[in-house]
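Trainee: Take a look at upload-v7.tsv, TSV, C-alpha atoms and all ligand atoms:
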```tsv
chain	number	residue	atom	x	y	z
A	108	MET	CA	12.76	14.11	-10.52
A	109	ASN	CA	16.32	12.94	-10.26
A	110	PRO	CA	16.42	9.13	-10.24
A	111	LYS	CA	19.39	9.28	-7.90
A	112	GLU	CA	17.05	10.59	-5.21
A	113	ILE	CA	16.06	6.99	-4.68
A	114	PHE	CA	18.90	5.24	-2.96
A	115	CYS	CA	17.63	1.83	-3.71
A	116	ASN	CA	19.85	-1.03	-2.64
A	117	GLU	CA	17.78	-3.94	-3.77
A	118	VAL	CA	16.07	-4.63	-7.04
A	119	ILE	CA	13.97	-7.67	-7.71
A	120	ILE	CA	13.56	-8.33	-11.35
A	121	SER	CA	10.80	-10.74	-11.94
A	122	VAL	CA	10.86	-12.58	-15.21
A	123	MET	CA	7.52	-14.08	-14.43
A	124	LYS	CA	4.71	-14.08	-16.91
A	125	GLU	CA	2.23	-11.29	-16.94
A	126	ASN	CA	-0.75	-12.01	-19.17
A	127	ASP	CA	1.62	-14.00	-21.28
A	128	SER	CA	1.72	-17.77	-21.27
A	129	ASN	CA	4.94	-18.04	-23.29
A	130	PRO	CA	8.10	-18.74	-21.34
A	131	ILE	CA	10.60	-15.90	-21.54
A	132	SER	CA	13.12	-16.54	-24.33
A	133	ILE	CA	16.87	-16.58	-23.79
A	134	LYS	CA	17.18	-13.57	-26.11
A	135	GLU	CA	14.62	-11.54	-24.13
A	136	LEU	CA	16.28	-12.48	-20.90
A	137	GLU	CA	19.71	-11.60	-22.15
A	138	LEU	CA	18.56	-8.10	-23.11
A	139	LEU	CA	16.81	-7.62	-19.80
A	140	LEU	CA	19.82	-8.74	-17.79
A	141	LEU	CA	22.22	-6.57	-19.78
A	142	GLU	CA	20.09	-3.57	-18.97
A	143	GLN	CA	20.01	-4.48	-15.28
A	144	ARG	CA	23.76	-4.87	-15.27
A	145	GLU	CA	24.25	-1.30	-16.47
A	146	TYR	CA	21.83	-0.14	-13.82
A	147	VAL	CA	23.58	-2.03	-11.03
A	148	ILE	CA	26.93	-0.58	-12.09
A	149	GLU	CA	25.62	2.98	-12.47
A	150	TYR	CA	24.00	3.07	-9.02
A	151	GLY	CA	26.44	0.79	-7.20
A	152	ILE	CA	23.59	-1.48	-6.09
A	153	LYS	CA	24.76	-3.96	-3.48
A	154	ASN	CA	21.94	-6.49	-3.52
A	155	PHE	CA	20.21	-7.58	-6.63
A	156	SER	CA	17.59	-10.29	-6.72
A	157	ILE	CA	16.20	-12.05	-9.73
A	158	ALA	CA	12.96	-13.98	-9.47
A	159	PHE	CA	12.10	-16.62	-12.03
A	160	ASP	CA	8.85	-18.33	-12.75
A	161	GLY	CA	9.09	-22.09	-12.23
A	162	TYR	CA	6.57	-22.59	-15.03
A	163	ASP	CA	9.14	-21.41	-17.63
A	164	PHE	CA	11.60	-24.03	-16.50
A	165	ILE	CA	9.18	-26.96	-16.33
A	166	HIS	CA	8.80	-26.75	-20.09
A	167	GLU	CA	12.35	-25.86	-21.02
A	168	GLY	CA	14.23	-28.28	-18.73
A	169	ILE	CA	17.34	-28.13	-16.58
A	170	GLU	CA	19.59	-27.29	-19.54
A	171	HIS	CA	17.58	-24.10	-19.99
A	172	LEU	CA	18.25	-23.21	-16.37
A	173	LYS	CA	21.99	-23.61	-16.98
A	174	SER	CA	21.82	-21.35	-20.07
A	175	VAL	CA	19.95	-18.72	-18.06
A	176	LEU	CA	22.47	-18.83	-15.24
A	177	GLY	CA	25.25	-18.36	-17.80
A	178	LEU	CA	23.72	-14.97	-18.66
A	179	ILE	CA	23.99	-13.61	-15.14
A	180	LYS	CA	27.19	-11.59	-15.17
A	181	PHE	CA	27.23	-8.87	-12.57
A	182	PRO	CA	30.07	-6.98	-10.87
A	183	LEU	CA	31.78	-8.94	-8.09
A	184	HIS	CA	30.72	-6.53	-5.34
A	185	THR	CA	27.04	-7.15	-6.11
A	186	ASN	CA	25.37	-9.83	-4.07
A	187	ILE	CA	23.05	-11.68	-6.42
A	188	GLN	CA	20.17	-13.66	-5.00
A	189	LEU	CA	18.15	-15.91	-7.26
A	190	TYR	CA	14.61	-17.03	-6.49
A	191	ILE	CA	12.24	-19.35	-8.18
A	192	TYR	CA	8.50	-18.97	-7.67
A	193	THR	CA	6.42	-22.08	-8.06
A	194	ASN	CA	3.17	-23.60	-6.90
A	195	GLY	CA	5.16	-26.79	-6.28
A	196	ALA	CA	4.67	-28.30	-9.73
A	197	ILE	CA	8.36	-28.04	-10.68
A	198	LEU	CA	9.60	-29.72	-7.53
A	199	THR	CA	11.05	-33.05	-8.52
A	200	LYS	CA	14.18	-34.42	-6.91
A	201	ASP	CA	16.34	-33.44	-9.95
A	202	TRP	CA	15.05	-29.90	-9.95
A	203	ALA	CA	15.46	-29.59	-6.21
A	204	LEU	CA	19.08	-30.72	-6.49
A	205	SER	CA	19.72	-28.18	-9.27
A	206	PHE	CA	18.20	-25.33	-7.25
A	207	LYS	CA	20.34	-26.32	-4.32
A	208	LYS	CA	23.48	-26.57	-6.46
A	209	TYR	CA	22.98	-23.06	-7.87
A	210	ASN	CA	21.87	-21.58	-4.56
A	211	ILE	CA	18.42	-20.66	-5.84
A	212	LEU	CA	15.88	-19.99	-3.09
A	213	ILE	CA	12.52	-21.59	-3.68
A	214	LYS	CA	9.42	-19.54	-2.94
A	215	ILE	CA	6.36	-21.69	-3.05
A	216	PHE	CA	3.42	-19.46	-3.71
A	217	ASN	CA	0.15	-20.91	-2.66
A	218	GLU	CA	-3.32	-19.53	-2.34
A	219	SER	CA	-5.29	-22.68	-2.77
A	220	TYR	CA	-5.14	-24.47	0.54
A	221	LEU	CA	-5.98	-21.40	2.56
A	222	LYS	CA	-9.04	-20.97	0.41
A	223	VAL	CA	-10.65	-24.16	1.57
A	224	SER	CA	-13.62	-23.69	3.78
A	225	ASN	CA	-13.61	-25.30	7.17
A	226	ASN	CA	-15.66	-28.30	6.21
A	227	LEU	CA	-13.50	-29.31	3.23
A	228	ASP	CA	-10.60	-31.65	3.62
A	229	VAL	CA	-7.54	-29.67	2.58
A	230	ILE	CA	-5.76	-32.80	1.46
A	231	ARG	CA	-8.38	-33.56	-1.20
A	232	ASN	CA	-7.68	-30.32	-3.01
A	233	SER	CA	-5.61	-31.10	-6.12
A	234	GLN	CA	-3.44	-27.99	-5.90
A	235	VAL	CA	-2.67	-28.91	-2.32
A	236	LYS	CA	-1.58	-32.33	-3.52
A	237	VAL	CA	0.93	-30.67	-5.88
A	238	LEU	CA	2.14	-28.49	-3.05
A	239	THR	CA	2.52	-31.25	-0.49
A	240	LYS	CA	4.26	-33.55	-2.96
A	241	GLY	CA	6.76	-30.76	-3.74
A	242	ILE	CA	7.34	-29.99	-0.06
A	243	GLY	CA	7.81	-33.70	0.63
A	244	ILE	CA	10.68	-33.72	-1.87
A	245	LEU	CA	12.32	-30.61	-0.40
A	246	ASN	CA	12.06	-32.06	3.11
A	247	VAL	CA	13.86	-35.31	2.27
A	248	PRO	CA	16.54	-35.74	4.96
A	249	GLY	CA	19.96	-34.92	3.55
A	250	LEU	CA	18.60	-32.81	0.67
A	251	GLU	CA	18.02	-29.69	2.80
A	252	VAL	CA	16.83	-27.35	0.11
A	253	ASN	CA	16.07	-23.79	1.14
A	254	TYR	CA	12.44	-22.88	0.64
A	255	GLU	CA	9.73	-20.66	1.99
A	256	LEU	CA	5.98	-21.01	1.65
A	257	ILE	CA	4.16	-17.81	0.73
A	258	SER	CA	0.49	-18.00	1.55
A	259	VAL	CA	-2.29	-15.61	0.72
A	260	ILE	CA	-4.52	-15.57	3.78
A	261	ASP	CA	-8.11	-16.60	3.48
A	262	TYR	CA	-9.88	-15.64	6.67
A	263	ARG	CA	-12.57	-18.27	6.02
A	264	ALA	CA	-10.16	-21.14	6.64
A	265	ASP	CA	-9.89	-22.42	10.19
A	266	PRO	CA	-6.50	-21.25	11.58
A	267	SER	CA	-6.04	-24.48	13.54
A	268	ILE	CA	-6.51	-26.62	10.39
A	269	ILE	CA	-3.92	-24.50	8.60
A	270	TYR	CA	-1.52	-24.60	11.55
A	271	ASN	CA	-1.78	-28.38	11.73
A	272	PHE	CA	-1.17	-28.53	7.99
A	273	ILE	CA	2.04	-26.48	8.38
A	274	LYS	CA	3.24	-28.70	11.20
A	275	ARG	CA	2.28	-31.97	9.55
A	276	HIS	CA	4.29	-31.08	6.46
A	277	ALA	CA	7.26	-29.80	8.48
A	278	ILE	CA	7.18	-26.39	6.76
A	279	LYS	CA	9.96	-24.38	8.37
A	280	ARG	CA	9.55	-20.94	6.81
A	281	LEU	CA	6.33	-19.18	6.04
A	282	GLU	CA	5.27	-15.79	4.81
A	283	PHE	CA	1.68	-14.57	4.95
A	284	VAL	CA	0.38	-12.03	2.50
A	285	LEU	CA	-2.92	-10.20	2.43
A	286	PRO	CA	-4.90	-10.39	-0.80
A	287	GLU	CA	-4.18	-7.51	-3.21
A	288	ALA	CA	-6.79	-4.81	-2.51
A	289	ASN	CA	-7.19	-1.05	-2.21
A	290	HIS	CA	-9.95	1.51	-1.64
A	291	ASN	CA	-11.13	1.10	-5.20
A	292	SER	CA	-10.98	-2.64	-5.23
A	293	TYR	CA	-12.13	-3.74	-1.80
A	294	PRO	CA	-11.18	-6.97	-0.10
A	295	VAL	CA	-14.18	-9.30	-0.38
A	296	TYR	CA	-15.22	-9.05	3.28
A	297	LYS	CA	-15.93	-5.32	3.00
A	298	THR	CA	-18.63	-6.02	0.48
A	299	VAL	CA	-20.26	-8.99	2.22
A	300	GLY	CA	-20.43	-7.49	5.71
A	301	HIS	CA	-18.22	-9.98	7.57
A	302	HIS	CA	-16.22	-9.22	10.71
A	303	PRO	CA	-14.77	-5.68	10.34
A	304	ALA	CA	-11.18	-6.92	10.59
A	305	PRO	CA	-11.26	-10.60	9.60
A	306	TYR	CA	-7.59	-10.80	8.62
A	307	GLY	CA	-6.49	-9.23	11.89
A	308	LYS	CA	-8.71	-11.67	13.77
A	309	TRP	CA	-7.44	-14.65	11.75
A	310	LEU	CA	-3.81	-13.66	12.22
A	311	SER	CA	-4.31	-13.14	15.97
A	312	GLU	CA	-5.74	-16.66	16.29
A	313	PHE	CA	-2.91	-18.07	14.23
A	314	PHE	CA	-0.36	-16.16	16.30
A	315	GLU	CA	-1.80	-17.71	19.46
A	316	LEU	CA	-1.27	-21.24	18.10
A	317	TRP	CA	2.22	-20.35	16.93
A	318	TYR	CA	3.22	-18.66	20.16
A	319	LYS	CA	2.30	-21.70	22.25
A	320	ASP	CA	4.28	-24.06	20.02
A	321	ASN	CA	7.70	-25.06	21.37
A	322	ASP	CA	8.97	-25.93	17.92
A	323	LYS	CA	7.78	-22.93	15.91
A	324	PRO	CA	8.26	-22.47	12.18
A	325	PHE	CA	9.74	-19.11	11.17
A	326	ILE	CA	6.88	-16.80	10.17
A	327	ARG	CA	8.22	-13.62	8.66
A	328	MET	CA	5.26	-11.42	9.53
A	329	PHE	CA	5.27	-12.42	13.20
A	330	ASN	CA	9.00	-12.02	13.42
A	331	GLN	CA	8.71	-8.48	12.04
A	332	LEU	CA	5.90	-7.53	14.41
A	333	ILE	CA	7.81	-8.85	17.42
A	334	ASN	CA	10.88	-6.86	16.40
A	335	LEU	CA	8.78	-3.73	15.89
A	336	THR	CA	7.23	-4.11	19.35
A	337	PHE	CA	10.74	-3.78	20.78
A	338	ASP	CA	11.73	-1.01	18.41
A	339	GLN	CA	14.07	-3.11	16.31
A	340	GLY	CA	14.49	-1.94	12.74
A	341	VAL	CA	12.51	-3.93	10.22
A	342	VAL	CA	12.54	-3.68	6.46
A	343	SER	CA	9.14	-4.68	5.19
A	344	GLN	CA	6.69	-3.67	2.49
A	345	THR	CA	3.79	-3.87	4.93
A	346	PHE	CA	5.03	-2.81	8.37
A	347	GLY	CA	7.56	-0.53	10.05
A	348	ASN	CA	8.87	2.85	9.09
A	349	SER	CA	11.91	2.20	6.96
A	350	TYR	CA	12.45	3.35	3.39
A	351	ASN	CA	11.36	0.82	0.86
A	352	ARG	CA	14.61	0.20	-0.94
A	353	ARG	CA	13.22	-2.58	-3.02
A	354	ILE	CA	12.03	-2.12	-6.58
A	355	TYR	CA	10.21	-4.79	-8.51
A	356	LEU	CA	10.56	-4.92	-12.25
A	357	ASP	CA	8.59	-7.27	-14.39
A	358	ARG	CA	9.89	-8.97	-17.51
A	359	ASN	CA	9.10	-5.94	-19.65
A	360	GLY	CA	10.93	-3.60	-17.33
A	361	TYR	CA	7.71	-2.30	-15.83
A	362	SER	CA	7.56	-1.48	-12.19
A	363	GLY	CA	4.60	-0.96	-9.90
A	364	ILE	CA	1.44	0.47	-11.34
A	365	ARG	CA	1.65	1.16	-15.04
A	366	THR	CA	1.82	4.87	-15.63
A	367	SER	CA	1.62	6.96	-18.77
A	368	LEU	CA	5.38	6.68	-18.69
A	369	ASN	CA	5.32	3.01	-19.48
A	370	ASN	CA	1.96	2.60	-21.15
A	371	SER	CA	3.35	3.31	-24.57
A	372	GLY	CA	4.28	-0.32	-25.13
A	373	ALA	CA	7.99	0.48	-25.38
A	374	VAL	CA	10.26	-0.95	-22.70
A	375	PRO	CA	11.05	2.04	-20.49
A	376	THR	CA	14.64	2.87	-19.72
A	377	LEU	CA	15.75	1.89	-16.25
A	378	ASN	CA	16.30	5.46	-15.27
A	379	ALA	CA	12.70	6.15	-16.15
A	380	VAL	CA	11.54	3.19	-14.06
A	381	TYR	CA	13.87	4.06	-11.22
A	382	GLY	CA	12.82	7.67	-11.08
A	383	ASN	CA	9.15	7.31	-11.89
A	384	ASP	CA	6.59	8.76	-9.59
A	385	TYR	CA	5.28	5.44	-8.33
A	386	ASN	CA	8.71	4.23	-7.26
A	387	TYR	CA	9.55	7.60	-5.76
A	388	GLN	CA	6.39	7.59	-3.63
A	389	ASN	CA	6.81	3.92	-2.78
A	390	PHE	CA	10.35	4.58	-1.60
A	391	HIS	CA	9.11	7.29	0.80
A	392	ALA	CA	5.82	5.53	1.64
A	393	LYS	CA	6.63	4.73	5.26
A	394	LYS	CA	7.89	8.26	5.95
A	395	LYS	CA	5.20	10.27	4.19
A	396	LEU	CA	1.96	9.21	5.78
A	397	CYS	CA	-1.54	10.58	5.21
A	398	SER	CA	-2.94	12.71	8.05
A	399	VAL	CA	-4.93	9.81	9.56
A	400	CYS	CA	-1.83	7.60	9.76
A	401	SER	CA	0.32	10.42	11.02
A	402	HIS	CA	-2.00	10.70	14.06
A	403	CYS	CA	-2.01	6.98	14.65
A	404	LEU	CA	-0.47	5.75	17.92
A	405	ILE	CA	1.07	2.72	16.23
A	406	LYS	CA	2.37	4.46	13.13
A	407	LYS	CA	5.95	3.37	13.85
A	408	ASN	CA	4.88	-0.28	13.83
A	409	CYS	CA	2.40	-0.08	10.99
A	410	GLY	CA	3.73	2.66	8.73
A	411	GLY	CA	0.39	3.01	6.96
A	412	GLY	CA	0.44	-0.52	5.56
A	413	ALA	CA	1.65	-1.60	2.12
A	414	PHE	CA	1.78	1.26	-0.35
A	415	SER	CA	-0.44	-0.39	-2.98
A	416	THR	CA	-3.22	-0.98	-0.41
A	417	ARG	CA	-3.59	2.77	0.18
A	418	PHE	CA	-4.77	3.60	-3.30
A	419	SER	CA	-8.07	5.30	-4.12
A	420	MET	CA	-9.07	6.96	-7.39
A	421	ASP	CA	-9.73	10.36	-5.87
A	422	ARG	CA	-6.89	10.57	-3.35
A	423	SER	CA	-4.24	8.41	-4.97
A	424	TYR	CA	-1.99	6.99	-2.20
A	425	ASP	CA	-2.89	9.59	0.41
A	426	ASN	CA	-4.98	7.20	2.53
A	427	PRO	CA	-4.50	4.69	5.33
A	428	SER	CA	-4.26	1.12	4.10
A	429	VAL	CA	-7.55	-0.48	3.14
A	430	TYR	CA	-6.50	-3.11	5.73
A	431	CYS	CA	-6.12	-0.49	8.49
A	432	LEU	CA	-8.37	-2.26	11.03
A	433	ASP	CA	-6.78	-5.62	10.32
A	434	LEU	CA	-3.32	-4.14	10.80
A	435	LEU	CA	-4.37	-2.42	14.04
A	436	LYS	CA	-5.75	-5.68	15.35
A	437	ILE	CA	-2.79	-7.93	14.67
A	438	ILE	CA	-0.17	-5.33	15.62
A	439	LEU	CA	-1.83	-4.61	18.95
A	440	TYR	CA	-2.57	-8.25	19.64
A	441	ILE	CA	1.12	-9.10	19.41
A	442	PHE	CA	2.20	-5.89	21.13
A	443	ASN	CA	-0.07	-6.35	24.16
A	444	LYS	CA	0.66	-10.05	24.43
A	445	LEU	CA	4.42	-9.53	24.48
A	446	ILE	CA	4.47	-6.68	26.93
A	447	ALA	CA	2.08	-8.55	29.28
A	448	GLU	CA	4.88	-11.06	29.72
A	449	LEU	CA	7.47	-8.47	30.69
A	450	PRO	CA	8.12	-7.74	34.37
A	451	ASN	CA	6.92	-4.24	35.35
A	452	ASN	CA	10.42	-2.81	35.73
A	453	LYS	CA	11.42	-4.05	32.26
A	454	ARG	CA	8.24	-2.54	30.78
A	455	ASP	CA	9.07	0.80	32.43
A	456	GLN	CA	12.66	0.59	31.30
A	457	LEU	CA	11.54	0.06	27.69
A	458	ASP	CA	8.81	2.66	28.07
A	459	LEU	CA	6.12	0.28	26.85
A	460	ASP	CA	2.52	0.40	27.96
A	461	PHE	CA	-0.63	-1.49	26.97
A	462	LEU	CA	-2.72	0.03	24.21
A	463	SER	CA	-6.25	-1.09	23.46
A	464	ILE	CA	-7.75	-1.12	19.97
A	465	GLU	CA	-10.43	1.30	21.20
A	466	GLU	CA	-7.83	3.79	22.37
A	467	ALA	CA	-5.87	3.50	19.13
A	468	MET	CA	-9.10	3.92	17.15
A	469	ARG	CA	-10.03	7.05	19.13
A	470	ALA	CA	-6.76	8.71	18.17
A	471	ILE	CA	-7.36	8.22	14.48
A	472	ASP	CA	-11.13	8.66	14.61
A	473	ASP	CA	-10.82	12.30	15.66
A	474	ILE	CA	-8.91	13.19	12.56
A	475	ARG	CA	-10.99	10.90	10.37
A	476	ILE	CA	-14.25	12.39	11.57
A	477	LYS	CA	-12.95	15.94	11.07
A	478	ASN	CA	-12.19	14.95	7.50
A	479	THR	CA	-15.23	12.87	6.65
A	480	SER	CA	-15.44	14.32	3.20
A	481	LYS	CA	-11.77	13.71	2.71
A	482	TYR	CA	-11.18	10.23	4.05
A	483	ILE	CA	-12.68	6.95	3.25
A	484	LYS	CA	-14.54	5.09	5.95
A	485	LEU	CA	-12.25	2.44	7.44
B	1	LIG	S1	-4.12	4.52	10.73
B	1	LIG	FE1	-4.26	2.35	10.15
B	1	LIG	S2	-3.03	2.16	8.30
B	1	LIG	FE2	-2.47	4.10	9.30
B	1	LIG	S3	-0.69	3.65	10.61
B	1	LIG	FE3	-2.52	3.40	11.88
B	1	LIG	S4	-3.10	1.25	11.72
B	1	LIG	FE4	-1.71	1.69	10.06
```
Taking this structure as input, can you express it in the form of structure tokens?

Mentor:
Amino acid sequence: MNPKEIFCNEVIISVMKENDSNPISIKELELLLLEQREYVIEYGIKNFSIAFDGYDFIHEGIEHLKSVLGLIKFPLHTNIQLYIYTNGAILTKDWALSFKKYNILIKIFNESYLKVSNNLDVIRNSQVKVLTKGIGILNVPGLEVNYELISVIDYRADPSIIYNFIKRHAIKRLEFVLPEANHNSYPVYKTVGHHPAPYGKWLSEFFELWYKDNDKPFIRMFNQLINLTFDQGVVSQTFGNSYNRRIYLDRNGYSGIRTSLNNSGAVPTLNAVYGNDYNYQNFHAKKKLCSVCSHCLIKKNCGGGAFSTRFSMDRSYDNPSVYCLDLLKIILYIFNKLIAELPNNKRDQLDLDFLSIEEAMRAIDDIRIKNTSKYIKL
């Protein structure tokens, strides 16, 4: 496969730890960045993002951050975006000022407060304390540091408690993610017999609270689903039907699922990463759907879900997402809600009509039932 077949325009290189508690050294980072630089030049990449792990910097201090930034030398035409991922622990006033000074976007990754059950007080959770203290610093009037909260959804938490939490802490930007899962590693609810689409149900309830709010935070997922309802292009790993032009590399140069190509222990060349089968399929994931998804009435909005969630041992990525029912539920909830508010003539003009979950399920059930031996039960 020719690596140039993938016209990627954004690479995120994550220098975050992976089974390694040592901070990345300046020497390691220098080598990694030099390699990326060659790659950016060779393929004329326009947008290049680098994600750092806040944990590395907590121990090494602000001087370390300055040394790292000194290593970032890319061609002028490349737009470099720097991110820092943290659970909030690094967020002191000094750090916040440094991130602001160097235009580093802060992504606060949190899975703890959404894990609380309904009868626990979220505020008593120690990880939540770290998070809220950090957010308090970023929200100080006049500091105005750019940040976004990334939250792994836990469908057991009460959406209204979580919504109140977001509002109380004046969180302005939020991204929801579904827990990592696929057909070989099921989301927990599939094994304990809960609601068949608990994430879709949870997100629909959360959407309702958000929609009614006159001073809404920006929620990336909802924004994407609203745009997709009205046929606006959306670039997303989970929804829509655009090419996935984003490649993630970890600190060893690995990307996506480890393949025989990069299992040898040697750092693979970038061309090998760029052109490997996983990245190739991931790039085309929203265009090359399995036969169930290609019969789905909302395939343009859903696009088969995130590539990694389609995996099964026997069929590789040729499956609907393991979150298919959840995706159907939230997509159609938003879709039907929005078009209900349109006047009839506008609805006709846009050629939009209501679609029930049952009707959408019937369209995919036919093909699923014909292929019972082939496709996994949704
Ligand atoms: S079948 Fe499921 S996963 Fe596939 S496009 Fe439709 S909703 Fe998405």

Trainee: For Ile152 (chain A), which residue among A:Lys173, A:Lys208, A:Asn389, A:Pro182 is the nearest when counting all atoms listed in the file?

Mentor: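 For Ile152 (chain A), the nearest of the given residues is A:Pro182.
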
Trainee: Around all the atoms of ligand LIG 1 (chain B) listed in the file, with 4 Å of room on each side, what axis-aligned box do you get, giving centre and edge lengths in Å to one decimal, as lines of an AutoDock Vina configuration file?

Mentor:
```
center_x = -2.5
center_y = 2.9
center_z = 10.1
size_x = 11.6
size_y = 11.3
size_z = 11.6
```

Trainee: Show me, as a list in words, the residues that have an atom within 6 Å of region 406-413 of chain A when counting all atoms listed in the file, minus same-chain residues fewer than 4 positions from it.

Mentor: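 Listed by chain and then number, they are Leu335, Gln344, Thr345, Phe346, Gly347, Asn348, Lys393, Cys400, Pro427 and Ser428 of chain A.
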
Trainee: Go ahead and compute the interatomic distance for CA of Glu170 (chain A) and CA of Trp202 (chain A), in Å to one decimal.

Mentor: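 Computing the Euclidean distance for CA of Glu170 (chain A) and CA of Trp202 (chain A) yields 10.9 Å.
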
Trainee: Could you tell me how far CA of Ser205 (chain A) sits from CA of Gln188 (chain A), in Å to one decimal place?

Mentor: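 CA of Gln188 (chain A) sits 15.1 Å away from CA of Ser205 (chain A).
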
Trainee: Report the distance between CA of Lys180 (chain A) and CA of Glu149 (chain A) in Å, rounded to one decimal place.

Mentor: 14.9 Å

Trainee: For a quick check of your reading of the model, name the residues lying within 9 Å of the coordinate (-6.1, -21.8, 11.8), counting only C-alpha atoms, and write them as a PyMOL selection string.

Mentor: chain A and resi 262+264-271+309-310+312-313+316

Trainee: Ranking A:Asn426, A:Thr239, A:Asn443, A:Asn253 by minimum distance to ligand LIG 1 (chain B) and counting all atoms listed in the file, which one comes first?

Mentor: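 When distances to ligand LIG 1 (chain B) are compared using all atoms listed in the file, the smallest one comes from A:Asn426.
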
Trainee: With distances taken over all atoms listed in the file, which of A:Pro248, A:His290, A:Lys279, A:Leu285 is nearest to Arg422 (chain A)?

Mentor: A:His290

Trainee: Which of these residues is nearest to ligand LIG 1 (chain B), using all atoms listed in the file: A:Ser401, A:Ser415, A:Ser233, A:Asn154?

Mentor: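 The closest residue to ligand LIG 1 (chain B) is A:Ser401.
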
Trainee: So that I can check the surroundings of Leu189 (chain A), please list as a list in words every protein, DNA and RNA residue that reaches within 7 Å of it, counting all atoms listed in the file and ignoring chain neighbours fewer than 5 positions away.

Mentor: Ser156, Ile157, Ala158, Ile211 and Leu212 of chain A

Trainee: Could you complete region 324-336 of chain A so that it carries N, CA and C atoms, and give it back as a PDB file, in the coordinates of the input?

Mentor:
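Result file selection12.pdb:
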```
ATOM      1  N   PRO A 324       7.647 -22.816  13.471  1.00  0.00           N
ATOM      2  CA  PRO A 324       8.260 -22.470  12.180  1.00  0.00           C
ATOM      3  C   PRO A 324       8.585 -20.965  12.190  1.00  0.00           C
ATOM      4  N   PHE A 325       9.458 -20.548  11.297  1.00  0.00           N
ATOM      5  CA  PHE A 325       9.740 -19.110  11.170  1.00  0.00           C
ATOM      6  C   PHE A 325       8.600 -18.499  10.361  1.00  0.00           C
ATOM      7  N   ILE A 326       7.932 -17.493  10.921  1.00  0.00           N
ATOM      8  CA  ILE A 326       6.880 -16.800  10.170  1.00  0.00           C
ATOM      9  C   ILE A 326       7.287 -15.338  10.071  1.00  0.00           C
ATOM     10  N   ARG A 327       7.604 -14.936   8.858  1.00  0.00           N
ATOM     11  CA  ARG A 327       8.220 -13.620   8.660  1.00  0.00           C
ATOM     12  C   ARG A 327       7.400 -12.492   9.279  1.00  0.00           C
ATOM     13  N   MET A 328       6.096 -12.511   9.033  1.00  0.00           N
ATOM     14  CA  MET A 328       5.260 -11.420   9.530  1.00  0.00           C
ATOM     15  C   MET A 328       5.316 -11.320  11.055  1.00  0.00           C
ATOM     16  N   PHE A 329       5.246 -12.437  11.739  1.00  0.00           N
ATOM     17  CA  PHE A 329       5.270 -12.420  13.200  1.00  0.00           C
ATOM     18  C   PHE A 329       6.633 -11.961  13.711  1.00  0.00           C
ATOM     19  N   ASN A 330       7.648 -12.423  13.033  1.00  0.00           N
ATOM     20  CA  ASN A 330       9.000 -12.020  13.420  1.00  0.00           C
ATOM     21  C   ASN A 330       9.147 -10.495  13.310  1.00  0.00           C
ATOM     22  N   GLN A 331       8.621  -9.936  12.231  1.00  0.00           N
ATOM     23  CA  GLN A 331       8.710  -8.480  12.040  1.00  0.00           C
ATOM     24  C   GLN A 331       7.924  -7.745  13.124  1.00  0.00           C
ATOM     25  N   LEU A 332       6.720  -8.243  13.428  1.00  0.00           N
ATOM     26  CA  LEU A 332       5.900  -7.530  14.410  1.00  0.00           C
ATOM     27  C   LEU A 332       6.472  -7.641  15.825  1.00  0.00           C
ATOM     28  N   ILE A 333       7.143  -8.731  16.114  1.00  0.00           N
ATOM     29  CA  ILE A 333       7.810  -8.850  17.420  1.00  0.00           C
ATOM     30  C   ILE A 333       8.968  -7.857  17.481  1.00  0.00           C
ATOM     31  N   ASN A 334       9.756  -7.807  16.419  1.00  0.00           N
ATOM     32  CA  ASN A 334      10.880  -6.860  16.400  1.00  0.00           C
ATOM     33  C   ASN A 334      10.394  -5.414  16.511  1.00  0.00           C
ATOM     34  N   LEU A 335       9.297  -5.115  15.837  1.00  0.00           N
ATOM     35  CA  LEU A 335       8.780  -3.730  15.890  1.00  0.00           C
ATOM     36  C   LEU A 335       8.255  -3.392  17.279  1.00  0.00           C
ATOM     37  N   THR A 336       7.712  -4.366  17.981  1.00  0.00           N
ATOM     38  CA  THR A 336       7.230  -4.110  19.350  1.00  0.00           C
ATOM     39  C   THR A 336       8.391  -3.601  20.207  1.00  0.00           C
TER      40      THR A 336
END
```
